[in-house]
$ cat input.txt   # compact mmCIF, C-alpha atoms
# COMPACT_ATOMS: atom_id res chain seq x y z
CA MET A 1 33.06 -88.49 -8.95
CA LYS A 2 33.05 -88.32 -5.16
CA VAL A 3 36.12 -86.86 -3.49
CA LEU A 4 37.27 -86.64 0.11
CA LEU A 5 39.74 -83.85 0.89
CA VAL A 6 41.90 -84.28 4.02
CA ASP A 7 44.17 -81.51 5.29
CA ASP A 8 44.64 -80.00 8.73
CA GLU A 9 44.41 -76.53 7.17
CA LYS A 10 40.65 -76.01 7.36
CA GLU A 11 40.60 -72.91 5.18
CA LEU A 12 42.49 -74.76 2.47
CA VAL A 13 40.26 -77.84 2.23
CA SER A 14 36.99 -75.98 2.72
CA THR A 15 37.80 -73.53 -0.08
CA LEU A 16 39.11 -76.26 -2.36
CA ALA A 17 35.91 -78.25 -1.77
CA GLU A 18 33.81 -75.20 -2.64
CA ARG A 19 35.77 -74.64 -5.85
CA LEU A 20 35.37 -78.30 -6.83
CA SER A 21 31.64 -78.15 -6.16
CA LEU A 22 31.42 -75.11 -8.49
CA ARG A 23 32.83 -77.48 -11.11
CA ASP A 24 30.17 -80.12 -10.32
CA ILE A 25 32.53 -82.39 -8.40
CA GLU A 26 31.11 -83.67 -5.12
CA ALA A 27 33.77 -82.97 -2.50
CA ASP A 28 33.63 -83.47 1.25
CA TRP A 29 36.40 -82.23 3.51
CA VAL A 30 37.81 -83.11 6.93
CA THR A 31 40.80 -81.86 8.89
CA THR A 32 41.93 -84.96 10.82
CA GLY A 33 42.84 -88.54 10.09
CA GLU A 34 40.20 -89.77 12.52
CA ALA A 35 37.48 -87.83 10.69
CA ALA A 36 38.74 -89.16 7.37
CA ILE A 37 38.44 -92.75 8.62
CA LYS A 38 34.87 -92.10 9.78
CA SER A 39 33.99 -90.50 6.46
CA VAL A 40 35.33 -93.42 4.43
CA GLU A 41 33.53 -95.87 6.73
CA SER A 42 30.22 -94.11 6.20
CA LYS A 43 30.40 -93.07 2.55
CA THR A 44 31.83 -94.40 -0.70
CA TYR A 45 34.40 -92.11 -2.32
CA ASP A 46 36.28 -92.52 -5.56
CA ILE A 47 39.33 -90.48 -4.59
CA ALA A 48 40.91 -89.24 -1.37
CA VAL A 49 43.14 -86.19 -1.59
CA LEU A 50 45.50 -86.37 1.39
CA ASP A 51 47.95 -83.88 2.83
CA VAL A 52 51.24 -85.65 3.47
CA LYS A 53 52.03 -83.94 6.78
CA MET A 54 49.22 -83.80 9.31
CA PRO A 55 49.15 -83.84 13.11
CA LYS A 56 49.05 -87.23 14.82
CA ILE A 57 48.86 -89.27 11.61
CA SER A 58 50.65 -88.65 8.34
CA GLY A 59 48.85 -88.84 5.03
CA ILE A 60 50.95 -91.89 4.20
CA GLU A 61 49.85 -93.72 7.36
CA LEU A 62 46.27 -92.62 6.79
CA LYS A 63 46.33 -94.11 3.29
CA LYS A 64 47.18 -97.51 4.78
CA LYS A 65 44.22 -97.31 7.17
CA LEU A 66 41.80 -96.15 4.48
CA GLU A 67 42.91 -98.97 2.17
CA GLU A 68 41.65 -101.46 4.75
CA ILE A 69 38.23 -99.82 4.73
CA ASN A 70 37.91 -99.18 1.00
CA PRO A 71 40.40 -101.18 -1.08
CA VAL A 72 39.39 -99.51 -4.35
CA LEU A 73 39.77 -95.94 -3.14
CA LYS A 74 42.36 -93.97 -5.14
CA TYR A 75 44.73 -91.38 -3.71
CA ILE A 76 46.26 -88.08 -4.62
CA PHE A 77 48.75 -86.60 -2.19
CA ILE A 78 49.30 -82.91 -1.75
CA THR A 79 52.50 -81.84 -0.12
CA GLY A 80 54.22 -78.75 1.15
CA HIS A 81 57.61 -80.22 0.33
CA GLY A 82 59.65 -77.48 -1.20
CA SER A 83 62.44 -79.38 -2.90
CA GLU A 84 62.78 -82.14 -5.44
CA ASP A 85 64.74 -84.28 -2.97
CA ASP A 86 62.02 -83.99 -0.33
CA PHE A 87 59.41 -84.76 -2.92
CA MET A 88 61.14 -87.85 -4.27
CA THR A 89 61.79 -89.23 -0.79
CA ALA A 90 58.16 -88.81 0.21
CA SER A 91 57.00 -90.30 -3.09
CA SER A 92 59.05 -93.44 -2.74
CA GLU A 93 58.04 -93.89 0.90
CA SER A 94 54.33 -93.59 0.28
CA GLY A 95 53.76 -95.65 -2.83
CA ALA A 96 51.16 -93.05 -3.71
CA GLU A 97 49.71 -92.90 -7.15
CA TYR A 98 49.80 -89.16 -7.62
CA TYR A 99 51.39 -86.14 -6.04
CA LEU A 100 50.78 -82.43 -6.27
CA VAL A 101 52.86 -79.75 -4.61
CA LYS A 102 51.17 -76.88 -2.79
CA PRO A 103 49.89 -74.44 -3.90
CA VAL A 104 47.75 -76.69 -6.05
CA ASN A 105 46.42 -75.72 -9.45
CA ILE A 106 42.77 -76.82 -9.43
CA ASP A 107 42.68 -77.61 -13.14
CA GLU A 108 45.70 -79.89 -12.70
CA LEU A 109 44.06 -81.53 -9.69
CA ILE A 110 40.90 -82.25 -11.66
CA ARG A 111 42.94 -83.53 -14.60
CA LYS A 112 44.71 -85.96 -12.27
CA MET A 113 41.43 -87.02 -10.67
CA LYS A 114 40.01 -87.92 -14.07
CA GLU A 115 43.23 -89.60 -15.13
CA ILE A 116 43.48 -91.73 -12.01
CA LEU A 117 39.94 -93.02 -12.47
CA VAL A 118 40.58 -93.87 -16.13
CA ASN A 119 44.04 -95.30 -15.56
CA PRO A 120 44.19 -96.34 -11.89
CA ASP A 121 47.45 -98.27 -12.05
CA LYS A 122 49.61 -95.49 -13.42
CA ARG A 123 52.14 -94.01 -11.05
CA ASP A 124 53.07 -90.43 -11.70
CA PHE A 125 55.74 -89.22 -9.30
CA PHE A 126 57.17 -86.33 -11.17
CA GLN A 127 54.24 -84.13 -12.08
CA TYR A 128 55.42 -81.02 -10.31
CA PRO A 129 55.74 -78.20 -9.56
CA LEU A 130 52.57 -76.53 -10.64
CA GLU A 131 51.97 -72.93 -11.28
CA GLY A 132 49.52 -71.58 -8.77
CA MET B 133 83.02 -79.00 12.42
CA ASP B 134 82.65 -79.13 16.20
CA ILE B 135 79.62 -80.70 17.84
CA ASN B 136 78.06 -77.34 18.81
CA SER B 137 78.32 -75.97 15.28
CA GLU B 138 76.91 -79.22 13.92
CA ASN B 139 73.92 -79.09 16.28
CA ALA B 140 73.33 -75.41 15.55
CA LEU B 141 73.31 -76.18 11.84
CA LYS B 142 70.90 -79.10 12.30
CA PHE B 143 68.65 -76.83 14.37
CA PHE B 144 68.75 -74.20 11.64
CA GLY B 145 67.82 -76.81 9.02
CA LYS B 146 64.99 -78.23 11.11
CA MET B 147 63.46 -74.83 11.78
CA THR B 148 63.72 -73.51 8.24
CA ALA B 149 62.25 -76.71 6.81
CA SER B 150 59.30 -76.44 9.20
CA ILE B 151 58.82 -72.75 8.41
CA SER B 152 58.93 -73.37 4.67
CA HIS B 153 56.17 -75.98 5.04
CA GLU B 154 54.06 -73.55 7.01
CA LEU B 155 54.58 -70.81 4.45
CA LYS B 156 53.58 -73.26 1.73
CA ASN B 157 50.29 -73.76 3.56
CA VAL B 158 49.76 -70.01 3.81
CA LEU B 159 50.39 -69.65 0.08
CA ALA B 160 48.10 -72.59 -0.69
CA ILE B 161 45.22 -71.00 1.24
CA ILE B 162 45.76 -67.65 -0.45
CA ASN B 163 45.92 -69.47 -3.78
CA GLU B 164 42.58 -71.22 -3.20
CA ASN B 165 40.83 -68.08 -2.05
CA ALA B 166 42.20 -66.05 -4.96
CA GLY B 167 41.01 -68.86 -7.21
CA LEU B 168 37.60 -68.76 -5.59
CA LEU B 169 37.39 -65.00 -6.24
CA GLU B 170 38.19 -65.73 -9.89
CA ASP B 171 35.46 -68.37 -9.94
CA LEU B 172 32.94 -65.93 -8.48
CA CYS B 173 33.97 -63.25 -11.02
CA ALA B 174 33.52 -65.76 -13.84
CA MET B 175 30.06 -66.58 -12.52
CA ALA B 176 29.19 -62.87 -12.33
CA GLU B 177 30.36 -62.39 -15.91
CA LYS B 178 27.91 -65.08 -16.94
CA GLY B 179 25.10 -63.17 -15.23
CA ARG B 180 24.92 -65.14 -11.99
CA PRO B 181 24.72 -62.63 -9.13
CA VAL B 182 27.45 -62.76 -6.49
CA ASP B 183 26.72 -61.70 -2.92
CA PRO B 184 29.17 -58.94 -1.86
CA VAL B 185 29.27 -60.51 1.60
CA ARG B 186 30.71 -63.63 -0.01
CA ILE B 187 33.48 -61.56 -1.61
CA LYS B 188 34.20 -59.86 1.70
CA THR B 189 34.45 -63.20 3.49
CA VAL B 190 36.90 -64.57 0.96
CA SER B 191 39.07 -61.43 0.98
CA GLY B 192 39.02 -61.56 4.79
CA LYS B 193 40.50 -65.07 4.62
CA VAL B 194 43.27 -63.79 2.35
CA ILE B 195 44.06 -60.95 4.73
CA LYS B 196 44.17 -63.41 7.65
CA GLN B 197 46.71 -65.57 5.84
CA VAL B 198 48.82 -62.55 4.87
CA ARG B 199 49.00 -61.66 8.57
CA ARG B 200 49.89 -65.25 9.43
CA GLY B 201 52.63 -65.25 6.81
CA ASP B 202 53.93 -61.93 8.05
CA GLU B 203 54.15 -63.25 11.61
CA ILE B 204 56.03 -66.35 10.43
CA ILE B 205 58.48 -64.27 8.43
CA ARG B 206 59.03 -61.85 11.32
CA GLY B 207 59.96 -64.82 13.53
CA LEU B 208 62.26 -66.16 10.82
CA ASN B 209 63.90 -62.75 10.47
CA LYS B 210 64.47 -62.52 14.21
CA TYR B 211 65.91 -66.01 14.18
CA ALA B 212 68.24 -65.16 11.28
CA HIS B 213 69.54 -62.09 13.12
CA SER B 214 70.37 -64.13 16.21
CA VAL B 215 73.72 -64.96 14.59
CA ASP B 216 74.63 -61.26 14.26
CA GLU B 217 76.41 -61.20 17.61
CA LEU B 218 78.16 -64.15 19.18
CA ASP B 219 78.19 -62.65 22.67
CA CYS B 220 75.60 -60.17 23.89
CA ASP B 221 72.88 -59.47 26.46
CA VAL B 222 69.68 -61.36 25.64
CA ASP B 223 66.31 -61.63 27.31
CA VAL B 224 65.76 -65.34 27.96
CA ASN B 225 62.01 -64.76 27.68
CA ASP B 226 62.51 -63.54 24.11
CA ILE B 227 64.59 -66.62 23.28
CA LEU B 228 61.96 -68.97 24.75
CA ALA B 229 59.16 -67.20 22.89
CA LEU B 230 61.12 -67.32 19.64
CA VAL B 231 62.04 -71.01 19.88
CA SER B 232 58.48 -71.90 20.95
CA GLY B 233 57.09 -69.96 18.01
CA LEU B 234 59.51 -71.52 15.54
CA SER B 235 58.76 -74.99 16.92
CA GLY B 236 54.99 -74.50 16.89
CA ARG B 237 54.31 -76.51 13.76
CA ILE B 238 56.69 -79.30 14.78
CA ALA B 239 54.85 -79.53 18.11
CA LEU B 240 51.49 -79.49 16.33
CA MET B 241 52.58 -82.36 14.09
CA ARG B 242 53.47 -84.32 17.22
CA GLY B 243 50.11 -83.47 18.80
CA ILE B 244 51.78 -81.44 21.54
CA SER B 245 50.80 -78.09 22.98
CA LEU B 246 53.56 -75.65 23.93
CA GLU B 247 52.88 -73.28 26.81
CA PRO B 248 55.57 -70.60 27.05
CA ASP B 249 54.74 -68.84 30.31
CA GLN B 250 56.05 -65.28 29.95
CA ILE B 251 56.94 -63.40 33.08
CA PRO B 252 56.63 -59.62 32.86
CA ASP B 253 60.21 -58.72 33.77
CA PRO B 254 63.07 -59.38 31.37
CA VAL B 255 65.51 -62.14 32.32
CA ILE B 256 68.82 -60.91 30.93
CA ILE B 257 71.93 -63.01 30.52
CA ASN B 258 75.11 -62.44 28.54
CA THR B 259 75.52 -65.34 26.13
CA ASN B 260 75.68 -66.55 22.54
CA PRO B 261 72.03 -66.20 21.44
CA PHE B 262 72.18 -68.73 18.60
CA LEU B 263 73.76 -71.42 20.76
CA LEU B 264 71.21 -70.67 23.49
CA GLU B 265 68.39 -71.11 20.98
CA THR B 266 69.96 -74.39 19.87
CA LEU B 267 70.18 -75.59 23.48
CA VAL B 268 66.56 -74.61 24.19
CA TRP B 269 65.46 -76.45 21.04
CA LEU B 270 67.34 -79.65 21.98
CA PHE B 271 65.77 -79.61 25.44
CA LEU B 272 62.35 -78.80 24.01
CA ASP B 273 62.69 -81.62 21.48
CA PHE B 274 63.41 -84.07 24.30
CA ALA B 275 60.68 -82.56 26.48
CA MET B 276 58.14 -83.16 23.70
CA ASP B 277 59.06 -86.85 23.83
CA ALA B 278 58.55 -86.82 27.60
CA THR B 279 55.07 -85.31 27.82
CA GLY B 280 53.28 -88.60 28.45
CA GLU B 281 49.51 -88.39 28.17
CA LYS B 282 49.39 -84.67 28.98
CA LYS B 283 50.88 -83.81 25.60
CA THR B 284 51.90 -80.43 26.95
CA VAL B 285 55.22 -78.71 27.58
CA CYS B 286 55.23 -75.66 29.82
CA ILE B 287 58.32 -73.47 29.34
CA THR B 288 59.24 -70.80 31.87
CA SER B 289 62.19 -68.72 32.95
CA GLU B 290 63.05 -67.42 36.41
CA LYS B 291 65.68 -65.12 37.81
CA THR B 292 66.97 -65.81 41.29
CA PRO B 293 70.00 -64.14 42.94
CA GLY B 294 73.02 -65.15 40.89
CA LYS B 295 71.15 -67.62 38.74
CA VAL B 296 68.82 -67.77 35.75
CA VAL B 297 66.69 -70.87 35.30
CA VAL B 298 64.80 -72.24 32.28
CA ARG B 299 62.23 -74.82 33.24
CA PHE B 300 60.43 -77.38 31.02
CA SER B 301 57.56 -78.77 33.07
CA LYS B 302 54.38 -80.90 32.98
CA LEU B 303 56.54 -83.74 31.61
CA GLN B 304 54.46 -86.63 32.83
CA GLY B 305 56.37 -89.13 30.71
CA LEU B 306 59.77 -88.41 32.28
CA ALA B 307 59.31 -91.10 34.92
CA GLY B 308 58.93 -93.80 32.28
CA MET B 309 62.04 -92.85 30.33
CA GLN B 310 65.33 -94.69 30.49
CA PRO B 311 67.62 -92.99 33.03
CA GLY B 312 70.83 -91.45 31.71
CA ILE B 313 69.77 -91.02 28.09
CA PHE B 314 69.44 -87.26 28.50
CA PRO B 315 71.24 -84.94 28.33
CA GLY B 316 73.37 -86.57 25.65
CA ASP B 317 76.73 -85.48 24.24
CA SER B 318 75.16 -82.73 22.11
CA GLU B 319 73.37 -81.13 25.04
CA LYS B 320 76.35 -81.55 27.39
CA SER B 321 78.64 -79.80 24.93
CA LEU B 322 76.24 -76.87 24.54
CA LEU B 323 75.70 -76.65 28.30
CA ALA B 324 79.47 -76.42 28.77
CA ALA B 325 79.82 -73.78 26.05
CA LEU B 326 77.07 -71.70 27.66
CA ASN B 327 78.33 -72.22 31.22
CA ALA B 328 75.08 -73.91 32.19
CA THR B 329 73.99 -77.06 33.97
CA ALA B 330 70.92 -79.26 33.64
CA ALA B 331 68.90 -81.34 36.07
CA ILE B 332 66.10 -83.80 35.48
CA ASP B 333 63.50 -84.29 38.20
CA ALA B 334 61.11 -87.03 37.13
CA ALA B 335 59.06 -86.74 40.32
CA ALA B 336 58.46 -83.05 39.69
CA GLU B 337 57.94 -83.82 35.97
CA GLU B 338 60.46 -81.20 34.91
CA ILE B 339 63.83 -80.51 33.36
CA VAL B 340 65.75 -77.43 34.49
CA ILE B 341 68.63 -75.58 32.84
CA SER B 342 70.56 -73.25 35.17
CA PHE B 343 72.83 -70.43 34.00
CA GLY B 344 75.40 -68.70 36.16
$ encode --input "input.txt" --output "structure tokens"
Amino acid sequence: MKVLLVDDEKELVSTLAERLSLRDIEADWVTTGEAAIKSVESKTYDIAVLDVKMPKISGIELKKKLEEINPVLKYIFITGHGSEDDFMTASSESGAEYYLVKPVNIDELIRKMKEILVNPDKRDFFQYPLEG
Amino acid sequence: MDINSENALKFFGKMTASISHELKNVLAIINENAGLLEDLCAMAEKGRPVDPVRIKTVSGKVIKQVRRGDEIIRGLNKYAHSVDELDCDVDVNDILALVSGLSGRIALMRGISLEPDQIPDPVIINTNPFLLETLVWLFLDFAMDATGEKKTVCITSEKTPGKVVVRFSKLQGLAGMQPGIFPGDSEKSLLAALNATAAIDAAAEEIVISFG
């Protein structure tokens, strides 16, 4: 499984990538939408984990751009939304397959990564919040 | 609810939503680094040596985020206390620094750099601090839309005889904006309540609020 992590918080994605690599999951990380596009153009990933709110381009807009480059790429969104209303609004706007609310539980993230690859068409809006 | 109260409430909601997102990020980073420490401990328990420097680096990242969170909460606390008095002496520099700080993440999301230019001497006026913060935010919000390619808003205050001025400058995009759209009813109502006036100078790339 090859994963691309995209979040403007460098210390979040870099640490998450390190923790995934300790679990034998190949994870690259970038902090901008532009870097994410370059990464997906140059390498084949199975899953992109996108922050919803990023400078210049939202995770939702980025998903649309990445879909043009790699139509089979799957997505998990991570969000700092604090309320159920925020979460549901963002979910319905994005059409994303999976959501996790920060702070993310790594075991839950991995479970969702495996699930999305086994069952790519399932939509799972309400898997939150997670205990950190 | 009158228009000033409505705008103040919207401002409060906007700021607290932004702050809660930022605090979520702080918690998420602490969470990952605490998790990484657990991972390293688990590895050590299985006999795989862990470099103490690695532990120190990770704990240093946690400490950095605790400081970041503390700074955010201090700003939030200061903001919350700005409703304590409806009429008091305030340093305009403090208000500009507070609103700039609170708006930092919103600006970042819009790809805009805020440059509050602090002058050393206090610029004191007697006013309603919360309404002043709301007014500064509304002007800053508009200024961020008017940055053009510079993507920068410089915010300064000045004290001249009988007048205090707040200036939003480097607004390259002002010239291309439709005339008359700003200030709108919300800003005009707050300006009246605070006994202030506003002027837009597209050629100078600035918006100026004058008090007194």
$ atom_distance --input "input.txt" --atom1 "atom CA of A:Glu108" --atom2 "atom CA of A:Ile76"
11.5 Å
$ interface_residues --input "input.txt" --of "chain A" --to "chain B" --cutoff "12 Å" --atoms "all atoms listed in the file" --output "PyMOL selection string"
chain A and resi 7-23+32+51-59+78-83+86+100-107+130-132
$ closest_residue --input "input.txt" --among "B:Asp223, B:Glu177, B:Glu281, B:Asp273" --to "B:Ile339" --atoms "only C-alpha atoms"
B:Asp273
$ closest_residue --input "input.txt" --among "A:Val40, A:Leu4, A:Ile116, A:Val49" --to "A:Asp28" --atoms "all atoms listed in the file"
A:Leu4
$ axis_aligned_box --input "input.txt" --around "stretch 215-233 of chain B" --padding-each-side "5 Å" --output "JSON"
{"center_x": 67.6, "center_y": -65.7, "center_z": 21.1, "size_x": 31.1, "size_y": 22.4, "size_z": 23.7}
$ residues_near_point --input "input.txt" --point "(41.5, -89.4, 7.2)" --cutoff "9 Å" --atoms "all atoms listed in the file" --output "PyMOL selection string"
chain A and resi 4-7+30-40+48+50+57+59+62-63+65-66
$ residues_around --input "input.txt" --residues "B:Val268" --least-positions-apart "3" --cutoff "8 Å" --atoms "all atoms listed in the file" --output "list in words"
Leu228, Val231, Leu264, Glu265, Phe271 and Leu272 of chain B
$ decode --input "input.txt" --residues "stretch 157-240 of chain B" --atoms "C-alpha atoms" --output "PDB file, in the first residue's frame"
ATOM      1  CA  ASN B 157      -4.096  21.031  14.546  1.00  0.00           C
ATOM      2  CA  VAL B 158      -2.027  21.621  17.670  1.00  0.00           C
ATOM      3  CA  LEU B 159      -3.710  18.662  19.367  1.00  0.00           C
ATOM      4  CA  ALA B 160      -3.264  16.503  16.264  1.00  0.00           C
ATOM      5  CA  ILE B 161       0.495  17.170  16.200  1.00  0.00           C
ATOM      6  CA  ILE B 162       0.823  16.457  19.915  1.00  0.00           C
ATOM      7  CA  ASN B 163      -1.227  13.308  19.379  1.00  0.00           C
ATOM      8  CA  GLU B 164       1.074  12.052  16.601  1.00  0.00           C
ATOM      9  CA  ASN B 165       4.236  12.796  18.521  1.00  0.00           C
ATOM     10  CA  ALA B 166       2.901  11.156  21.685  1.00  0.00           C
ATOM     11  CA  GLY B 167       1.967   8.195  19.511  1.00  0.00           C
ATOM     12  CA  LEU B 168       5.447   8.123  18.048  1.00  0.00           C
ATOM     13  CA  LEU B 169       6.930   8.057  21.562  1.00  0.00           C
ATOM     14  CA  GLU B 170       4.687   5.079  22.308  1.00  0.00           C
ATOM     15  CA  ASP B 171       5.879   3.402  19.113  1.00  0.00           C
ATOM     16  CA  LEU B 172       9.515   3.965  20.074  1.00  0.00           C
ATOM     17  CA  CYS B 173       8.861   2.605  23.596  1.00  0.00           C
ATOM     18  CA  ALA B 174       7.223  -0.479  22.094  1.00  0.00           C
ATOM     19  CA  MET B 175      10.264  -0.982  19.884  1.00  0.00           C
ATOM     20  CA  ALA B 176      12.582  -0.604  22.889  1.00  0.00           C
ATOM     21  CA  GLU B 177      10.547  -3.171  24.816  1.00  0.00           C
ATOM     22  CA  LYS B 178      11.148  -5.598  21.973  1.00  0.00           C
ATOM     23  CA  GLY B 179      14.891  -5.025  22.286  1.00  0.00           C
ATOM     24  CA  ARG B 180      15.370  -2.565  19.443  1.00  0.00           C
ATOM     25  CA  PRO B 181      17.565   0.271  20.730  1.00  0.00           C
ATOM     26  CA  VAL B 182      16.143   3.787  20.609  1.00  0.00           C
ATOM     27  CA  ASP B 183      18.434   6.780  20.208  1.00  0.00           C
ATOM     28  CA  PRO B 184      17.872   9.243  23.100  1.00  0.00           C
ATOM     29  CA  VAL B 185      18.356  12.090  20.625  1.00  0.00           C
ATOM     30  CA  ARG B 186      15.301  10.809  18.775  1.00  0.00           C
ATOM     31  CA  ILE B 187      13.257  10.953  21.988  1.00  0.00           C
ATOM     32  CA  LYS B 188      14.503  14.467  22.693  1.00  0.00           C
ATOM     33  CA  THR B 189      13.552  15.629  19.201  1.00  0.00           C
ATOM     34  CA  VAL B 190      10.037  14.261  19.526  1.00  0.00           C
ATOM     35  CA  SER B 191       9.504  15.738  22.995  1.00  0.00           C
ATOM     36  CA  GLY B 192      10.832  19.058  21.658  1.00  0.00           C
ATOM     37  CA  LYS B 193       8.080  19.009  19.016  1.00  0.00           C
ATOM     38  CA  VAL B 194       5.479  18.435  21.727  1.00  0.00           C
ATOM     39  CA  ILE B 195       6.814  21.341  23.771  1.00  0.00           C
ATOM     40  CA  LYS B 196       6.738  23.577  20.672  1.00  0.00           C
ATOM     41  CA  GLN B 197       3.072  22.759  20.083  1.00  0.00           C
ATOM     42  CA  VAL B 198       2.193  23.319  23.746  1.00  0.00           C
ATOM     43  CA  ARG B 199       3.704  26.806  23.434  1.00  0.00           C
ATOM     44  CA  ARG B 200       1.783  27.385  20.202  1.00  0.00           C
ATOM     45  CA  GLY B 201      -1.445  26.289  21.873  1.00  0.00           C
ATOM     46  CA  ASP B 202      -0.738  28.493  24.863  1.00  0.00           C
ATOM     47  CA  GLU B 203      -0.221  31.516  22.613  1.00  0.00           C
ATOM     48  CA  ILE B 204      -3.490  30.816  20.776  1.00  0.00           C
ATOM     49  CA  ILE B 205      -5.398  30.473  24.034  1.00  0.00           C
ATOM     50  CA  ARG B 206      -3.865  33.654  25.456  1.00  0.00           C
ATOM     51  CA  GLY B 207      -5.091  35.538  22.372  1.00  0.00           C
ATOM     52  CA  LEU B 208      -8.524  33.959  22.729  1.00  0.00           C
ATOM     53  CA  ASN B 209      -8.632  34.922  26.408  1.00  0.00           C
ATOM     54  CA  LYS B 210      -7.699  38.510  25.608  1.00  0.00           C
ATOM     55  CA  TYR B 211     -10.365  38.569  22.919  1.00  0.00           C
ATOM     56  CA  ALA B 212     -12.986  37.175  25.315  1.00  0.00           C
ATOM     57  CA  HIS B 213     -12.182  39.862  27.884  1.00  0.00           C
ATOM     58  CA  SER B 214     -12.630  42.634  25.331  1.00  0.00           C
ATOM     59  CA  VAL B 215     -16.367  42.558  26.127  1.00  0.00           C
ATOM     60  CA  ASP B 216     -15.725  43.260  29.828  1.00  0.00           C
ATOM     61  CA  GLU B 217     -16.033  47.013  29.370  1.00  0.00           C
ATOM     62  CA  LEU B 218     -18.168  48.711  26.755  1.00  0.00           C
ATOM     63  CA  ASP B 219     -16.352  52.036  27.012  1.00  0.00           C
ATOM     64  CA  CYS B 220     -12.727  52.355  28.064  1.00  0.00           C
ATOM     65  CA  ASP B 221      -9.259  53.529  27.043  1.00  0.00           C
ATOM     66  CA  VAL B 222      -7.621  51.086  24.632  1.00  0.00           C
ATOM     67  CA  ASP B 223      -4.308  51.020  22.827  1.00  0.00           C
ATOM     68  CA  VAL B 224      -5.139  50.759  19.124  1.00  0.00           C
ATOM     69  CA  ASN B 225      -1.843  48.936  18.587  1.00  0.00           C
ATOM     70  CA  ASP B 226      -3.011  46.204  20.957  1.00  0.00           C
ATOM     71  CA  ILE B 227      -6.313  45.905  19.088  1.00  0.00           C
ATOM     72  CA  LEU B 228      -4.551  45.657  15.710  1.00  0.00           C
ATOM     73  CA  ALA B 229      -2.111  43.060  17.036  1.00  0.00           C
ATOM     74  CA  LEU B 230      -4.948  41.043  18.554  1.00  0.00           C
ATOM     75  CA  VAL B 231      -7.161  41.076  15.447  1.00  0.00           C
ATOM     76  CA  SER B 232      -4.153  40.303  13.214  1.00  0.00           C
ATOM     77  CA  GLY B 233      -3.213  37.401  15.465  1.00  0.00           C
ATOM     78  CA  LEU B 234      -6.755  36.043  15.586  1.00  0.00           C
ATOM     79  CA  SER B 235      -7.059  36.376  11.804  1.00  0.00           C
ATOM     80  CA  GLY B 236      -3.697  34.756  11.096  1.00  0.00           C
ATOM     81  CA  ARG B 237      -5.042  31.368  10.081  1.00  0.00           C
ATOM     82  CA  ILE B 238      -7.840  32.886   7.973  1.00  0.00           C
ATOM     83  CA  ALA B 239      -5.213  34.967   6.157  1.00  0.00           C
ATOM     84  CA  LEU B 240      -2.988  31.914   5.721  1.00  0.00           C
TER      85      LEU B 240
END
